[in-house]
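Novice: Have a look at the structure that comes next, please.
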Amino acid sequence: MSDYSISIVPRLSNYPENEIKAKEILDWLISLDIVEANPTDCILGEGNGYAISQGAMKVVAHPKELPIELSVNGLEITTERTVFDTGENFTEQLICPNCQEDIAFEDWDLESWSSEKSDDLTCNACGVQSNIHSYTFEPQMGFSNLGFTFWNWPELKPEILKGFEEKLNCEIDIVYRHL
Ligand SMILES: [Zn+2]
């Protein structure tokens with residue numbers, strides 16, 4: 001089967017002290033027994049993640065769909081500037097906060113954001129630069145130096161998402177990715 005992920009990404013390009021916050025959130029998830037404490041090979045790609053644990057049953061609407069039997073079932077923590085995309089490389093809608101035009105099918109690019117030159121995106125229609133988080137992306141993407149990706153987990157309950165928002169003390173984007 002193909003893999004799937006849900007990422008929780010703060011709506012901040014540069015989350016302050018992102019590694020300290022990453023550790024704090026990991027400790028919180030371990031304390032709830034949502035993930036295991038020891039990093040293992042349980043995510044897609046390189047590096048280790050934190051495998052699913054029993055408490056995960058309480059934070060998803062459909063616990064039977066949890067990937068207990070899969071080898072790719074863990075939490076991946078990202079602390080580098082990353083574009084969290086949908087894996088499909090297709091944006092249906094991208095609305096500029098300044099002129100309200102939909103530039104999804106224009107030649108916009110994330111190069112200056114990815115290379116840390118800017119936290120803004122330049123609109124192809126009006127030429128104005130605006131904070132990347134003030135644009136409306138459909139489907140949702142995430143842009144930050146911090147992110148929490150659950151591999152092959154079903155939909156997370158609103159309560160746990162609210163918990164993330166409180167811990168991060170900012171708004172979050174939820175990015176669904178299909179590979
Ligand atoms: Zn514009």
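In the structure tokens, each chain is lettered A, B, ... as it comes, each chain's residues begin at 1, and ligands are numbered from 1 in order of appearance.
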Excluding same-chain residues fewer than 5 positions from Leu168 in chain A, what lies within 12 Å of it counting only C-alpha atoms, as JSON, numbers by chain?
Specialist: {"A": [8, 9, 10, 11, 12, 15, 16, 17, 18, 20, 21, 22, 23, 24, 25, 26, 28, 146, 147, 148, 161, 162, 163, 173]}
Novice: Go through chain A residue by residue and, counting only C-alpha atoms and all ligand atoms, keep those with an atom at most 7 Å from ligand 1; for each kept residue give the shortest atom pair and its distance in Å to one decimal, ordered by chain and increasing number, as a tab-separated table.
Specialist:
```
residue	atom	partner	partner_atom_place_in_ligand_line	distance
A:Cys96	CA	ligand 1	1 (Zn)	4.6
A:Pro97	CA	ligand 1	1 (Zn)	6.6
A:Asn98	CA	ligand 1	1 (Zn)	4.9
A:Cys99	CA	ligand 1	1 (Zn)	4.1
A:Gln100	CA	ligand 1	1 (Zn)	6.1
A:Glu101	CA	ligand 1	1 (Zn)	5.8
A:Cys123	CA	ligand 1	1 (Zn)	4.6
A:Asn124	CA	ligand 1	1 (Zn)	6.5
A:Ala125	CA	ligand 1	1 (Zn)	4.9
A:Cys126	CA	ligand 1	1 (Zn)	4.1
A:Gly127	CA	ligand 1	1 (Zn)	6.2
A:Val128	CA	ligand 1	1 (Zn)	5.9
```
Novice: Can you spit out the residues from that selection as a short mmCIF file (atom, residue, chain, number, x, y, z; two decimals), in the first residue's frame, using C-alpha atoms?
Specialist:
```
data_model
loop_
_atom_site.label_atom_id
_atom_site.label_comp_id
_atom_site.auth_asym_id
_atom_site.auth_seq_id
_atom_site.Cartn_x
_atom_site.Cartn_y
_atom_site.Cartn_z
CA CYS A 96 -3.20 36.42 -2.79
CA PRO A 97 -4.07 38.33 0.41
CA ASN A 98 -3.47 41.65 -1.35
CA CYS A 99 -5.40 41.45 -4.65
CA GLN A 100 -7.49 38.32 -3.91
CA GLU A 101 -6.53 36.84 -7.29
CA CYS A 123 2.09 37.48 -6.14
CA ASN A 124 2.22 36.98 -9.91
CA ALA A 125 -0.89 39.10 -10.39
CA CYS A 126 -0.19 42.27 -8.38
CA GLY A 127 3.55 41.91 -7.73
CA VAL A 128 3.18 42.50 -4.00
#
```
Novice: Please, which residues of chain A, numbered as in this document, come out strand (DSSP E) from DSSP, as a ChimeraX atom specification?
Specialist: /A:4-10,35-40,49-52,75-78,82-84,93-95,120-122,129-131,136-138,142-144,147-151,172-178
Novice: So the first atom is CA of Thr82 in chain A and the second is CA of Gly142 in chain A; what is the distance between them in Å, to one decimal place?
Specialist: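 For CA of Thr82 in chain A relative to CA of Gly142 in chain A, the distance reads 8.0 Å.
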Novice: Near range 56-64 of chain A, counting only C-alpha atoms, which residues have an atom at most 10 Å away, once you skip same-chain residues fewer than 5 positions from it, shown as a JSON list (two decimals) with N, CA and C atoms, in the first residue's frame?
Specialist:
```
[["chain", "number", "residue", "atom", "x", "y", "z"],
["A", 29, "LEU", "N", 3.84, 14.05, 24.26],
["A", 29, "LEU", "CA", 3.23, 12.90, 23.57],
["A", 29, "LEU", "C", 3.65, 11.58, 24.23],
["A", 32, "LEU", "N", 1.69, 10.96, 27.43],
["A", 32, "LEU", "CA", 0.33, 10.46, 27.16],
["A", 32, "LEU", "C", 0.37, 9.06, 26.53],
["A", 33, "ASP", "N", 1.55, 8.50, 26.40],
["A", 33, "ASP", "CA", 1.76, 7.18, 25.78],
["A", 33, "ASP", "C", 1.22, 7.13, 24.34],
["A", 34, "ILE", "N", 1.28, 8.27, 23.66],
["A", 34, "ILE", "CA", 0.82, 8.32, 22.28],
["A", 34, "ILE", "C", 1.90, 7.76, 21.35],
["A", 35, "VAL", "N", 3.15, 8.05, 21.69],
["A", 35, "VAL", "CA", 4.28, 7.45, 20.95],
["A", 35, "VAL", "C", 5.29, 6.88, 21.95],
["A", 153, "TRP", "N", -1.31, 7.42, 10.09],
["A", 153, "TRP", "CA", -2.34, 7.51, 11.14],
["A", 153, "TRP", "C", -3.64, 8.04, 10.51],
["A", 154, "PRO", "N", -4.79, 7.56, 11.04],
["A", 154, "PRO", "CA", -6.06, 8.13, 10.58],
["A", 154, "PRO", "C", -6.26, 9.53, 11.18],
["A", 155, "GLU", "N", -7.34, 10.16, 10.81],
["A", 155, "GLU", "CA", -7.68, 11.51, 11.26],
["A", 155, "GLU", "C", -7.50, 11.70, 12.77],
["A", 156, "LEU", "N", -6.83, 12.77, 13.15],
["A", 156, "LEU", "CA", -6.64, 13.06, 14.57],
["A", 156, "LEU", "C", -7.86, 13.81, 15.11],
["A", 157, "LYS", "N", -8.18, 13.56, 16.37],
["A", 157, "LYS", "CA", -9.32, 14.23, 16.99],
["A", 157, "LYS", "C", -9.03, 15.71, 17.22],
["A", 158, "PRO", "N", -10.08, 16.54, 17.21],
["A", 158, "PRO", "CA", -9.90, 17.98, 17.44],
["A", 158, "PRO", "C", -9.20, 18.28, 18.76],
["A", 159, "GLU", "N", -9.44, 17.45, 19.78],
["A", 159, "GLU", "CA", -8.84, 17.71, 21.10],
["A", 159, "GLU", "C", -7.31, 17.69, 21.04],
["A", 160, "ILE", "N", -6.76, 16.74, 20.33],
["A", 160, "ILE", "CA", -5.30, 16.64, 20.28],
["A", 160, "ILE", "C", -4.73, 17.78, 19.42],
["A", 161, "LEU", "N", -5.47, 18.16, 18.39],
["A", 161, "LEU", "CA", -5.01, 19.28, 17.55],
["A", 161, "LEU", "C", -5.01, 20.58, 18.37]]
```
Novice: So, counting only C-alpha atoms, which residue among A:Asn145, A:Asp41, A:Trp151, A:Glu106 is closest to Ile68 in chain A?
Specialist: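 So, comparing all the options, the nearest one is A:Trp151.
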Novice: Ala104 in chain A: which residues within 12 Å, counting only C-alpha atoms, same-chain residues fewer than 6 positions away excluded, as a list in words?
Specialist: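 Listed by chain and then number, they are Asn89, Phe90, Thr91, Glu92, Gln93, Leu94, Ile95, Cys96, Cys123, Asn124, Ala125, Tyr135, Thr136, Phe137, Glu138 and Pro139 of chain A.
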Novice: Keeping N, CA and C atoms for every residue in the selection just given, could you write it to a file as a short mmCIF file (atom, residue, chain, number, x, y, z; two decimals), in the first residue's frame?
Specialist:
```
data_model
loop_
_atom_site.label_atom_id
_atom_site.label_comp_id
_atom_site.auth_asym_id
_atom_site.auth_seq_id
_atom_site.Cartn_x
_atom_site.Cartn_y
_atom_site.Cartn_z
N ASN A 89 1.94 17.60 -5.71
CA ASN A 89 2.50 18.66 -6.53
C ASN A 89 1.44 19.37 -7.36
N PHE A 90 0.30 19.58 -6.76
CA PHE A 90 -0.78 20.24 -7.49
C PHE A 90 -1.53 21.15 -6.53
N THR A 91 -1.60 22.43 -6.87
CA THR A 91 -2.32 23.39 -6.04
C THR A 91 -3.57 23.83 -6.78
N GLU A 92 -4.72 23.58 -6.19
CA GLU A 92 -5.98 23.92 -6.85
C GLU A 92 -6.26 25.40 -6.78
N GLN A 93 -5.87 25.97 -5.63
CA GLN A 93 -6.19 27.36 -5.42
C GLN A 93 -5.09 28.02 -4.60
N LEU A 94 -4.70 29.22 -4.98
CA LEU A 94 -3.71 29.98 -4.22
C LEU A 94 -4.11 31.45 -4.30
N ILE A 95 -4.70 31.93 -3.21
CA ILE A 95 -5.29 33.27 -3.22
C ILE A 95 -4.34 34.28 -2.57
N CYS A 96 -4.05 35.35 -3.29
CA CYS A 96 -3.20 36.42 -2.79
C CYS A 96 -3.98 37.26 -1.77
N CYS A 123 3.28 37.77 -5.33
CA CYS A 123 2.09 37.48 -6.14
C CYS A 123 2.38 37.75 -7.62
N ASN A 124 2.02 36.80 -8.47
CA ASN A 124 2.22 36.98 -9.91
C ASN A 124 1.25 37.99 -10.51
N ALA A 125 0.14 38.20 -9.84
CA ALA A 125 -0.89 39.10 -10.39
C ALA A 125 -0.61 40.56 -10.05
N TYR A 135 -1.36 33.86 2.50
CA TYR A 135 -1.99 33.31 1.30
C TYR A 135 -2.90 32.15 1.69
N THR A 136 -3.91 31.90 0.87
CA THR A 136 -4.77 30.74 1.09
C THR A 136 -4.40 29.64 0.10
N PHE A 137 -3.92 28.54 0.63
CA PHE A 137 -3.55 27.40 -0.20
C PHE A 137 -4.65 26.33 -0.13
N GLU A 138 -5.04 25.81 -1.28
CA GLU A 138 -5.98 24.70 -1.33
C GLU A 138 -5.45 23.67 -2.31
N PRO A 139 -5.11 22.45 -1.90
CA PRO A 139 -5.14 21.96 -0.52
C PRO A 139 -4.08 22.63 0.36
#
```
Novice: Pick from A:Asp85, A:Asp109, A:Glu165, A:Glu80: nearest to Asn14 in chain A, with only C-alpha atoms counted?
Specialist: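 Looking only at the distances to Asn14 in chain A, the closest residue turns out to be A:Glu80.
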Novice: Kindly assemble as JSON lines a list of the range 25-60 of chain A residues that lie within 10 Å of range 70-78 of chain A, each paired with its nearest atom pair and their distance in Å to one decimal, using only C-alpha atoms, sorted first by chain and then by ascending residue number.
Specialist:
```
{"residue": "A:Ile25", "atom": "CA", "partner": "A:Ile77", "partner_atom": "CA", "distance": 9.8}
{"residue": "A:Leu26", "atom": "CA", "partner": "A:Ile77", "partner_atom": "CA", "distance": 8.5}
{"residue": "A:Leu29", "atom": "CA", "partner": "A:Leu75", "partner_atom": "CA", "distance": 9.9}
{"residue": "A:Ile34", "atom": "CA", "partner": "A:Leu75", "partner_atom": "CA", "distance": 9.6}
{"residue": "A:Val35", "atom": "CA", "partner": "A:Leu75", "partner_atom": "CA", "distance": 7.3}
{"residue": "A:Glu36", "atom": "CA", "partner": "A:Gly74", "partner_atom": "CA", "distance": 8.7}
{"residue": "A:Pro39", "atom": "CA", "partner": "A:Gly74", "partner_atom": "CA", "distance": 9.2}
{"residue": "A:Thr40", "atom": "CA", "partner": "A:Gly74", "partner_atom": "CA", "distance": 8.6}
{"residue": "A:Asp41", "atom": "CA", "partner": "A:Val72", "partner_atom": "CA", "distance": 8.0}
{"residue": "A:Cys42", "atom": "CA", "partner": "A:Val72", "partner_atom": "CA", "distance": 4.7}
{"residue": "A:Ile43", "atom": "CA", "partner": "A:Val72", "partner_atom": "CA", "distance": 4.9}
{"residue": "A:Leu44", "atom": "CA", "partner": "A:Val72", "partner_atom": "CA", "distance": 6.2}
{"residue": "A:Gly45", "atom": "CA", "partner": "A:Val72", "partner_atom": "CA", "distance": 9.7}
{"residue": "A:Gly47", "atom": "CA", "partner": "A:Glu76", "partner_atom": "CA", "distance": 8.7}
{"residue": "A:Asn48", "atom": "CA", "partner": "A:Glu76", "partner_atom": "CA", "distance": 7.4}
{"residue": "A:Gly49", "atom": "CA", "partner": "A:Glu76", "partner_atom": "CA", "distance": 4.9}
{"residue": "A:Tyr50", "atom": "CA", "partner": "A:Leu75", "partner_atom": "CA", "distance": 5.0}
{"residue": "A:Ala51", "atom": "CA", "partner": "A:Gly74", "partner_atom": "CA", "distance": 4.0}
{"residue": "A:Ile52", "atom": "CA", "partner": "A:Gly74", "partner_atom": "CA", "distance": 5.2}
{"residue": "A:Ser53", "atom": "CA", "partner": "A:Gly74", "partner_atom": "CA", "distance": 8.9}
```
Novice: Those same residues, written as a PDB file, in the first residue's frame with N, CA and C atoms?
Specialist:
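Result file is selection_31.pdb:
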```pdb
ATOM      1  N   ILE A  25       7.255  19.020  23.057  1.00  0.00           N
ATOM      2  CA  ILE A  25       6.063  18.354  22.504  1.00  0.00           C
ATOM      3  C   ILE A  25       6.251  16.851  22.477  1.00  0.00           C
ATOM      4  N   LEU A  26       7.458  16.419  22.146  1.00  0.00           N
ATOM      5  CA  LEU A  26       7.721  14.978  22.182  1.00  0.00           C
ATOM      6  C   LEU A  26       7.510  14.431  23.594  1.00  0.00           C
ATOM      7  N   LEU A  29       3.837  14.050  24.258  1.00  0.00           N
ATOM      8  CA  LEU A  29       3.230  12.898  23.574  1.00  0.00           C
ATOM      9  C   LEU A  29       3.647  11.581  24.233  1.00  0.00           C
ATOM     10  N   ILE A  34       1.276   8.273  23.665  1.00  0.00           N
ATOM     11  CA  ILE A  34       0.818   8.317  22.276  1.00  0.00           C
ATOM     12  C   ILE A  34       1.896   7.757  21.354  1.00  0.00           C
ATOM     13  N   VAL A  35       3.149   8.049  21.693  1.00  0.00           N
ATOM     14  CA  VAL A  35       4.276   7.453  20.950  1.00  0.00           C
ATOM     15  C   VAL A  35       5.287   6.883  21.946  1.00  0.00           C
ATOM     16  N   GLU A  36       6.125   6.004  21.429  1.00  0.00           N
ATOM     17  CA  GLU A  36       7.162   5.408  22.278  1.00  0.00           C
ATOM     18  C   GLU A  36       8.320   6.379  22.495  1.00  0.00           C
ATOM     19  N   PRO A  39      13.631   6.352  19.936  1.00  0.00           N
ATOM     20  CA  PRO A  39      13.553   6.465  18.485  1.00  0.00           C
ATOM     21  C   PRO A  39      13.907   5.153  17.786  1.00  0.00           C
ATOM     22  N   THR A  40      13.133   4.822  16.755  1.00  0.00           N
ATOM     23  CA  THR A  40      13.374   3.602  15.978  1.00  0.00           C
ATOM     24  C   THR A  40      13.125   3.896  14.504  1.00  0.00           C
ATOM     25  N   ASP A  41      13.386   2.906  13.677  1.00  0.00           N
ATOM     26  CA  ASP A  41      13.183   3.040  12.239  1.00  0.00           C
ATOM     27  C   ASP A  41      11.700   2.803  11.922  1.00  0.00           C
ATOM     28  N   CYS A  42      10.868   3.809  12.108  1.00  0.00           N
ATOM     29  CA  CYS A  42       9.409   3.638  11.937  1.00  0.00           C
ATOM     30  C   CYS A  42       8.790   4.724  11.088  1.00  0.00           C
ATOM     31  N   ILE A  43       9.634   5.457  10.351  1.00  0.00           N
ATOM     32  CA  ILE A  43       9.104   6.490   9.452  1.00  0.00           C
ATOM     33  C   ILE A  43       9.640   6.221   8.058  1.00  0.00           C
ATOM     34  N   LEU A  44       9.067   6.907   7.091  1.00  0.00           N
ATOM     35  CA  LEU A  44       9.530   6.711   5.727  1.00  0.00           C
ATOM     36  C   LEU A  44      10.806   7.524   5.517  1.00  0.00           C
ATOM     37  N   GLY A  45      11.719   6.978   4.774  1.00  0.00           N
ATOM     38  CA  GLY A  45      12.940   7.719   4.476  1.00  0.00           C
ATOM     39  C   GLY A  45      13.988   7.552   5.551  1.00  0.00           C
ATOM     40  N   GLY A  47      16.524   8.439   8.809  1.00  0.00           N
ATOM     41  CA  GLY A  47      16.317   8.915  10.173  1.00  0.00           C
ATOM     42  C   GLY A  47      15.328   8.063  10.931  1.00  0.00           C
ATOM     43  N   ASN A  48      15.245   8.355  12.232  1.00  0.00           N
ATOM     44  CA  ASN A  48      14.357   7.610  13.103  1.00  0.00           C
ATOM     45  C   ASN A  48      13.164   8.448  13.523  1.00  0.00           C
ATOM     46  N   GLY A  49      12.135   7.744  13.941  1.00  0.00           N
ATOM     47  CA  GLY A  49      10.952   8.415  14.471  1.00  0.00           C
ATOM     48  C   GLY A  49      10.554   7.747  15.772  1.00  0.00           C
ATOM     49  N   TYR A  50       9.361   8.109  16.231  1.00  0.00           N
ATOM     50  CA  TYR A  50       8.862   7.585  17.503  1.00  0.00           C
ATOM     51  C   TYR A  50       7.618   6.755  17.205  1.00  0.00           C
ATOM     52  N   ALA A  51       7.723   5.455  17.446  1.00  0.00           N
ATOM     53  CA  ALA A  51       6.675   4.528  17.016  1.00  0.00           C
ATOM     54  C   ALA A  51       5.376   4.741  17.781  1.00  0.00           C
ATOM     55  N   ILE A  52       4.316   4.342  17.161  1.00  0.00           N
ATOM     56  CA  ILE A  52       2.983   4.443  17.746  1.00  0.00           C
ATOM     57  C   ILE A  52       2.919   3.641  19.053  1.00  0.00           C
ATOM     58  N   SER A  53       2.139   4.157  20.004  1.00  0.00           N
ATOM     59  CA  SER A  53       1.955   3.432  21.259  1.00  0.00           C
ATOM     60  C   SER A  53       0.465   3.400  21.630  1.00  0.00           C
TER      61      SER A  53
END
```
Novice: As JSON, numbers by chain, please: every residue in range 8-175 of chain A that a backbone DSSP assignment puts in alpha helix (DSSP H).
Specialist: {"A": [18, 19, 20, 21, 22, 23, 24, 25, 26, 27, 28, 29, 30, 31, 111, 112, 113, 114, 158, 159, 160, 161, 162, 163, 164, 165, 166, 167, 168]}
Novice: Atoms to include: C-alpha atoms. Write the selected residues as an mmCIF file, in the first residue's frame.
Specialist:
```
data_model
loop_
_atom_site.group_PDB
_atom_site.id
_atom_site.type_symbol
_atom_site.label_atom_id
_atom_site.label_comp_id
_atom_site.auth_asym_id
_atom_site.auth_seq_id
_atom_site.Cartn_x
_atom_site.Cartn_y
_atom_site.Cartn_z
ATOM 1 C CA ASN A 18 12.245 25.152 17.497
ATOM 2 C CA GLU A 19 14.401 22.310 18.833
ATOM 3 C CA ILE A 20 13.502 23.051 22.438
ATOM 4 C CA LYS A 21 9.814 23.157 21.509
ATOM 5 C CA ALA A 22 10.161 19.917 19.533
ATOM 6 C CA LYS A 23 11.538 18.197 22.634
ATOM 7 C CA GLU A 24 8.782 19.643 24.833
ATOM 8 C CA ILE A 25 6.063 18.354 22.504
ATOM 9 C CA LEU A 26 7.721 14.978 22.182
ATOM 10 C CA ASP A 27 7.846 14.683 25.980
ATOM 11 C CA TRP A 28 4.155 15.597 26.141
ATOM 12 C CA LEU A 29 3.230 12.898 23.574
ATOM 13 C CA ILE A 30 5.357 10.323 25.412
ATOM 14 C CA SER A 31 3.727 11.251 28.740
ATOM 15 C CA GLU A 111 12.461 29.166 -4.054
ATOM 16 C CA SER A 112 13.032 32.337 -2.036
ATOM 17 C CA TRP A 113 11.132 30.876 0.916
ATOM 18 C CA SER A 114 12.927 27.510 0.727
ATOM 19 C CA PRO A 158 -9.896 17.976 17.437
ATOM 20 C CA GLU A 159 -8.841 17.710 21.102
ATOM 21 C CA ILE A 160 -5.296 16.639 20.285
ATOM 22 C CA LEU A 161 -5.013 19.282 17.553
ATOM 23 C CA LYS A 162 -6.104 21.870 20.092
ATOM 24 C CA GLY A 163 -3.443 20.508 22.434
ATOM 25 C CA PHE A 164 -0.826 21.121 19.766
ATOM 26 C CA GLU A 165 -2.080 24.661 19.255
ATOM 27 C CA GLU A 166 -1.873 25.359 22.969
ATOM 28 C CA LYS A 167 1.609 23.862 23.314
ATOM 29 C CA LEU A 168 2.868 25.703 20.258
#
```
Novice: From the set A:Asn169, A:Ser13, A:Leu179, A:Leu66, which residue has the shortest atom-to-atom contact distance to Asn152 in chain A, counting only C-alpha atoms?
Specialist: A:Leu66
Novice: Which is closer to Asp120 in chain A than all the others in A:Phe143, A:Thr149, A:Asp107, A:Glu88, using only C-alpha atoms?
Specialist: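 Ranking A:Phe143, A:Thr149, A:Asp107, A:Glu88 by distance to Asp120 in chain A, first place goes to A:Phe143.
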Novice: Quick one: residues within 7 Å of Leu121 in chain A, only C-alpha atoms, excluding same-chain residues fewer than 4 positions away - as a PyMOL selection string?
Specialist: chain A and resi 129-132
